[in-house]
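Take a look at the structure below.
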Amino acid sequence: QLARASLKAEIADAAWELDRPWSKELLSMAYEITFPDQDIQNTKPGNVVGAKPNPPTPSDRARTAIRNRIIQIASKDKSFVDKLIESGIGHSGPSEGQMAYAELAETSRRLNDLNAAGEYILKSIDIDPSQLAAGFVLADLAKTDRSKADELIIPYLQRLSGFPLSNANNSAFRVFWIVDRLIYPPADIKPPSPNVMRAYVRYIVQSLGNLEQREPGSVRQYRFDLLRAYFPMKEYAPDLAPDFLVLEQKSRPMNSNESAAAGATDILNRLEQYRNKAEEGSEKPNEIQIQRCITNHDFQKARSLIGKLPDSSDRERLGEIVNSKESLFLVSKDRLIEARELAEKLGYASTIQEAYVAIIARSVSMHKDDWAQEVMLQAVKQLKTANKTLWGLPKGMPTTVALTSRDIDPVLNGIARLTVAISSVSVELAMIGLSETVAAANVSEVDTSQGRSGFDIRIFKQLSEKDEERVRLAADSFKDPFRRLLSLAAVDQWKAADLVQRQKSLRPNTKIRSSQNLR
């Protein structure tokens, strides 16, 4: 059924401009198919606003991926997509709706349609402000447009003010965590405006005050979050000082008589000193310290800490991550030769594809076409002998959420991504990559019955413009009927778009007639 839903969605995309009513009918049927039986839905927690999110199983991820694709296609008609999302809330509760709008917001952000992104962010928050998805999109928006992000953070905090936080469902921890991320971004991102800082202080004081009234003693758990707002309070919202000081006293450890100012300065300094001391002198470094070094681009220090780890498997895994992340960092600095040298040391398919796709894309943008083709051949060769193992789960996570080779094939996906990256400079090499993609898919263990092709099917749409006949032959070469039909639908998406463009150029005011052949 999930494979059927995925196919309906892709055919609907091809039919959108040719037969709009039929396309919407297909999307509605596909969306309905993706929801589990009501009996299963009723046994799942998390169907109320504020509920603690549960880790998604591989099946949940498959259903969500298809629904996101359906929503993406349907978003060309805002009233229609709203109806679909409302039907999803009826099936799975508010969690479905807030995630759907957050996905639309992220898609709009990537397309630089910031007004649409803002509209979808607020719709997601309106459904359930305690979840994190919309907050993540808003944090990413701040990287590219600080003023637009600030324009949205204030209504975000206003909506949060009306939501009763609780420790029981973990909503207090989630909300304070994402708010802290929005207000204190990394050093390379411009900080929020004074109006945002004032709104932030007001929210922290009001929300912690209300939480303390409902659950006495709670403010002690969030003393750090309260003290983080101390200096912004002094600068941007001094009128809130009386309420802040009342909460500060309640948040102090037992038998403590420190002042708010001393407490704020001292706790932040002590945390920083403790962290630095742990990183510099620990005989047994942990993964958090190593990841922090990687984030700060201190790769030499990260490798030094990795060398102290007792477990050889941890050393291998983290060493692979360091090489991959440093390679990406070098690409961002246009140091492509050094980036490639590190990429050639990688042994896992998931990191190989990430590094080489970035190198090729940057090479193409710098007009180093011959070198990009050489790198492409090296990457495919490396992928064919790569380790397909997926990284393990963090400690404490249930094994039921783990992904396996039935869910993801990093070699297959990697070859497809490399093919797309090289397609703008070499049709012949792209066609070779397409053949390699088909060959890898024909031996892949990915379970297509769950609507997974194992790679980005848009490769067939993008390459059809280069050579439709050869792309159709490649699509017909799939042994699996789902992949074959899915790839042919992708070719038809290009063909439909091409037809629309040609008819508009001939007769700009003429609508496309319904296509019975596509049915």
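Each chain of the structure tokens is named A, B, ... in the order shown, its residues numbered from 1; ligands are numbered from 1 in display order.
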Please build the interface table for region 354-452 of chain A against region 463-476 of chain A with a cut-off of 10 Å, listing for each qualifying residue the nearest atom pair and the distance in Å to one decimal; count only C-alpha atoms, order rows by chain and increasing number, and write it as JSON lines.
```
{"residue": "A:Thr419", "atom": "CA", "partner": "A:Leu463", "partner_atom": "CA", "distance": 9.3}
{"residue": "A:Val420", "atom": "CA", "partner": "A:Leu463", "partner_atom": "CA", "distance": 8.0}
{"residue": "A:Ser423", "atom": "CA", "partner": "A:Leu463", "partner_atom": "CA", "distance": 7.4}
{"residue": "A:Ser424", "atom": "CA", "partner": "A:Lys466", "partner_atom": "CA", "distance": 9.3}
{"residue": "A:Ser426", "atom": "CA", "partner": "A:Lys466", "partner_atom": "CA", "distance": 9.9}
{"residue": "A:Val427", "atom": "CA", "partner": "A:Lys466", "partner_atom": "CA", "distance": 6.7}
{"residue": "A:Glu428", "atom": "CA", "partner": "A:Lys466", "partner_atom": "CA", "distance": 9.7}
{"residue": "A:Ala430", "atom": "CA", "partner": "A:Leu463", "partner_atom": "CA", "distance": 7.9}
{"residue": "A:Met431", "atom": "CA", "partner": "A:Val471", "partner_atom": "CA", "distance": 7.9}
{"residue": "A:Leu434", "atom": "CA", "partner": "A:Ala474", "partner_atom": "CA", "distance": 7.2}
{"residue": "A:Ser435", "atom": "CA", "partner": "A:Ala474", "partner_atom": "CA", "distance": 6.5}
{"residue": "A:Glu436", "atom": "CA", "partner": "A:Ala474", "partner_atom": "CA", "distance": 9.9}
{"residue": "A:Thr437", "atom": "CA", "partner": "A:Ala474", "partner_atom": "CA", "distance": 9.3}
{"residue": "A:Val438", "atom": "CA", "partner": "A:Ala474", "partner_atom": "CA", "distance": 7.0}
{"residue": "A:Ala439", "atom": "CA", "partner": "A:Ala474", "partner_atom": "CA", "distance": 9.7}
```
Find the spatial neighbours of Lys381 (chain A), counting only C-alpha atoms, within a cut-off of 12 Å - ignore same-chain residues fewer than 3 positions away - and output them as a PyMOL selection string.
chain A and resi 344+347+349+352-353+356+374-378+384-386+411+414-415+418+433+436
Okay, now the selection with N, CA, C and O atoms, as a compact mmCIF listing (two decimals), in the first residue's frame?
```txt
# COMPACT_ATOMS: atom_id res chain seq x y z
N GLU A 344 39.50 10.59 0.14
CA GLU A 344 40.04 9.30 -0.31
C GLU A 344 40.37 8.37 0.85
O GLU A 344 40.55 7.17 0.66
N GLY A 347 36.01 5.38 4.43
CA GLY A 347 35.71 3.99 4.13
C GLY A 347 34.24 3.63 4.21
O GLY A 347 33.86 2.51 3.86
N ALA A 349 30.23 4.30 3.16
CA ALA A 349 29.47 4.86 2.03
C ALA A 349 28.77 6.16 2.40
O ALA A 349 28.69 7.09 1.59
N ILE A 352 31.40 8.92 2.43
CA ILE A 352 32.00 9.09 1.10
C ILE A 352 31.10 9.94 0.22
O ILE A 352 31.54 10.89 -0.43
N GLN A 353 29.81 9.59 0.19
CA GLN A 353 28.90 10.34 -0.68
C GLN A 353 28.78 11.78 -0.26
O GLN A 353 28.76 12.70 -1.10
N TYR A 356 32.18 13.67 -1.31
CA TYR A 356 32.42 13.79 -2.75
C TYR A 356 31.35 14.62 -3.46
O TYR A 356 31.65 15.34 -4.43
N GLU A 374 36.93 13.62 -13.06
CA GLU A 374 37.94 12.72 -12.49
C GLU A 374 37.55 12.32 -11.06
O GLU A 374 37.64 11.15 -10.67
N VAL A 375 37.10 13.30 -10.30
CA VAL A 375 36.69 13.04 -8.91
C VAL A 375 35.46 12.13 -8.88
O VAL A 375 35.34 11.25 -8.03
N MET A 376 34.54 12.34 -9.82
CA MET A 376 33.34 11.50 -9.90
C MET A 376 33.70 10.03 -10.07
O MET A 376 33.17 9.15 -9.39
N LEU A 377 34.61 9.73 -10.99
CA LEU A 377 35.02 8.35 -11.23
C LEU A 377 35.68 7.74 -9.99
O LEU A 377 35.45 6.58 -9.65
N GLN A 378 36.51 8.54 -9.31
CA GLN A 378 37.15 8.07 -8.09
C GLN A 378 36.10 7.78 -7.01
O GLN A 378 36.18 6.77 -6.30
N LYS A 384 31.87 1.58 -4.41
CA LYS A 384 31.58 0.17 -4.71
C LYS A 384 32.21 -0.78 -3.71
O LYS A 384 31.72 -1.91 -3.52
N THR A 385 33.28 -0.37 -3.07
CA THR A 385 33.94 -1.23 -2.08
C THR A 385 33.76 -0.69 -0.66
O THR A 385 34.43 -1.14 0.27
N ALA A 386 32.86 0.29 -0.49
CA ALA A 386 32.70 0.95 0.81
C ALA A 386 31.93 0.08 1.80
O ALA A 386 31.20 -0.83 1.43
N VAL A 411 25.25 3.11 -0.58
CA VAL A 411 25.98 3.01 -1.84
C VAL A 411 25.08 3.42 -3.00
O VAL A 411 25.44 4.24 -3.85
N GLY A 414 24.33 7.08 -2.81
CA GLY A 414 25.52 7.85 -3.09
C GLY A 414 25.80 7.96 -4.58
O GLY A 414 26.12 9.05 -5.09
N ILE A 415 25.69 6.85 -5.32
CA ILE A 415 25.92 6.88 -6.76
C ILE A 415 24.91 7.80 -7.45
O ILE A 415 25.26 8.57 -8.36
N LEU A 418 25.84 11.46 -6.76
CA LEU A 418 27.02 11.85 -7.54
C LEU A 418 26.65 12.08 -9.01
O LEU A 418 27.18 12.97 -9.67
N GLY A 433 26.67 7.08 -14.76
CA GLY A 433 26.23 7.07 -13.36
C GLY A 433 24.81 6.54 -13.22
O GLY A 433 24.49 5.84 -12.26
N GLU A 436 24.95 2.84 -13.46
CA GLU A 436 25.48 2.31 -12.19
C GLU A 436 24.41 2.36 -11.10
O GLU A 436 24.33 1.47 -10.25
```
Give me, as an MDAnalysis selection string, all polymer residues having an atom no more than 7 Å from Gln493 (chain A), counting only C-alpha atoms and skipping those fewer than 4 positions away in the same chain.
chainID A and resid 13:14 461 489 497
Selection above as a file: N, CA and C atoms, as a PDB file, in the first residue's frame:
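The new file result.pdb reads:
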```pdb
ATOM      1  N   ASP A  13       1.995  14.343  -9.615  1.00  0.00           N
ATOM      2  CA  ASP A  13       2.889  15.465  -9.902  1.00  0.00           C
ATOM      3  C   ASP A  13       2.976  15.704 -11.407  1.00  0.00           C
ATOM      4  N   ALA A  14       3.092  14.604 -12.189  1.00  0.00           N
ATOM      5  CA  ALA A  14       3.139  14.736 -13.645  1.00  0.00           C
ATOM      6  C   ALA A  14       1.821  15.273 -14.200  1.00  0.00           C
ATOM      7  N   LYS A 461      14.032  12.584 -13.635  1.00  0.00           N
ATOM      8  CA  LYS A 461      13.417  13.815 -14.144  1.00  0.00           C
ATOM      9  C   LYS A 461      14.492  14.779 -14.640  1.00  0.00           C
ATOM     10  N   ALA A 489       7.431   7.531 -14.065  1.00  0.00           N
ATOM     11  CA  ALA A 489       6.611   8.681 -13.652  1.00  0.00           C
ATOM     12  C   ALA A 489       7.472   9.942 -13.564  1.00  0.00           C
ATOM     13  N   ALA A 497       6.104  18.956 -17.846  1.00  0.00           N
ATOM     14  CA  ALA A 497       6.583  20.330 -17.662  1.00  0.00           C
ATOM     15  C   ALA A 497       7.066  20.914 -18.986  1.00  0.00           C
TER      16      ALA A 497
END
```
Counting only C-alpha atoms, which of A:Asn413, A:Thr404, A:Gln501, A:Asn112 gets nearest to Pro58 (chain A)?
A:Thr404
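CA of Ala358 (chain A) lies 17.2 Å from CA of Leu412 (chain A).
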Shell of 10 Å around Ala229 (chain A), only C-alpha atoms, local chain residues under 6 positions omitted, as a compact mmCIF listing (two decimals) with N, CA and C atoms, in the first residue's frame:
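Written file, part.txt:
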```txt
# COMPACT_ATOMS: atom_id res chain seq x y z
N ASP A 180 16.37 28.80 23.77
CA ASP A 180 17.78 29.14 24.00
C ASP A 180 18.55 29.11 22.68
N ILE A 183 17.71 32.33 20.67
CA ILE A 183 18.18 33.59 21.24
C ILE A 183 19.70 33.66 21.29
N MET A 197 14.96 40.36 22.14
CA MET A 197 15.55 40.09 23.45
C MET A 197 14.57 40.45 24.57
N ARG A 198 13.85 41.54 24.39
CA ARG A 198 12.86 41.93 25.41
C ARG A 198 11.73 40.88 25.46
N TYR A 200 11.96 37.82 24.68
CA TYR A 200 12.56 36.61 25.26
C TYR A 200 12.56 36.67 26.79
N VAL A 201 13.02 37.79 27.33
CA VAL A 201 13.06 37.94 28.79
C VAL A 201 11.66 37.83 29.37
N ARG A 202 10.71 38.50 28.75
CA ARG A 202 9.33 38.46 29.23
C ARG A 202 8.81 37.01 29.22
N TYR A 203 9.13 36.28 28.14
CA TYR A 203 8.66 34.90 28.07
C TYR A 203 9.27 34.03 29.16
N ILE A 204 10.57 34.15 29.37
CA ILE A 204 11.24 33.33 30.39
C ILE A 204 10.64 33.60 31.77
N VAL A 205 10.47 34.87 32.09
CA VAL A 205 9.94 35.23 33.42
C VAL A 205 8.50 34.74 33.58
N ALA A 237 14.99 44.81 29.47
CA ALA A 237 13.69 44.75 30.15
C ALA A 237 13.85 44.97 31.65
N PHE A 244 11.66 38.93 38.09
CA PHE A 244 12.84 38.09 37.88
C PHE A 244 13.49 37.73 39.20
N ALA A 264 24.41 34.55 38.41
CA ALA A 264 24.44 34.45 36.96
C ALA A 264 25.87 34.39 36.45
```
Could you name the residues that touch Asn442 (chain A) at 9 Å or less, counting only C-alpha atoms, but leaving out those on the same chain fewer than 6 positions away, as a VMD selection string?
chain A and resid 477 to 480
Expected file: the selected residues, N, CA, C and O atoms, as a PDB file, in the first residue's frame:
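Once written, again-v8.pdb looks like this:
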```pdb
ATOM      1  N   SER A 477      15.079  -0.844 -17.143  1.00  0.00           N
ATOM      2  CA  SER A 477      16.059  -1.857 -16.748  1.00  0.00           C
ATOM      3  C   SER A 477      15.937  -2.270 -15.285  1.00  0.00           C
ATOM      4  O   SER A 477      16.623  -3.195 -14.846  1.00  0.00           O
ATOM      5  N   PHE A 478      15.092  -1.584 -14.529  1.00  0.00           N
ATOM      6  CA  PHE A 478      14.905  -1.971 -13.125  1.00  0.00           C
ATOM      7  C   PHE A 478      14.188  -3.321 -13.053  1.00  0.00           C
ATOM      8  O   PHE A 478      13.177  -3.541 -13.721  1.00  0.00           O
ATOM      9  N   LYS A 479      14.694  -4.196 -12.222  1.00  0.00           N
ATOM     10  CA  LYS A 479      14.023  -5.475 -12.007  1.00  0.00           C
ATOM     11  C   LYS A 479      12.765  -5.307 -11.154  1.00  0.00           C
ATOM     12  O   LYS A 479      11.783  -6.014 -11.330  1.00  0.00           O
ATOM     13  N   ASP A 480      12.819  -4.358 -10.247  1.00  0.00           N
ATOM     14  CA  ASP A 480      11.707  -4.133  -9.317  1.00  0.00           C
ATOM     15  C   ASP A 480      10.634  -3.278  -9.984  1.00  0.00           C
ATOM     16  O   ASP A 480      10.923  -2.181 -10.478  1.00  0.00           O
TER      17      ASP A 480
END
```
Report as a PyMOL selection string: the residues of region 177-396 of chain A with a DSSP assignment of alpha helix (DSSP H), based on the backbone of this structure.
chain A and resi 177-183+194-214+223-228+230-236+241-251+260-281+287-295+299-306+312-332+336-343+349-365+369-384
Which residues come within 9 Å of Tyr348 (chain A), counting only C-alpha atoms, excluding same-chain residues fewer than 4 positions away, as a VMD selection string?
chain A and resid 320 352 to 353 383 386 to 390 410
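Of note, CA of Thr351 (chain A) and CA of Trp391 (chain A) are spaced 10.5 Å apart.
Every protein, DNA or RNA residue with an atom at most 8 Å from Thr448 (chain A), where only C-alpha atoms count and chain neighbours fewer than 6 positions away do not, is listed here: Ala3, Gly454, Phe482 and Arg483 of chain A.
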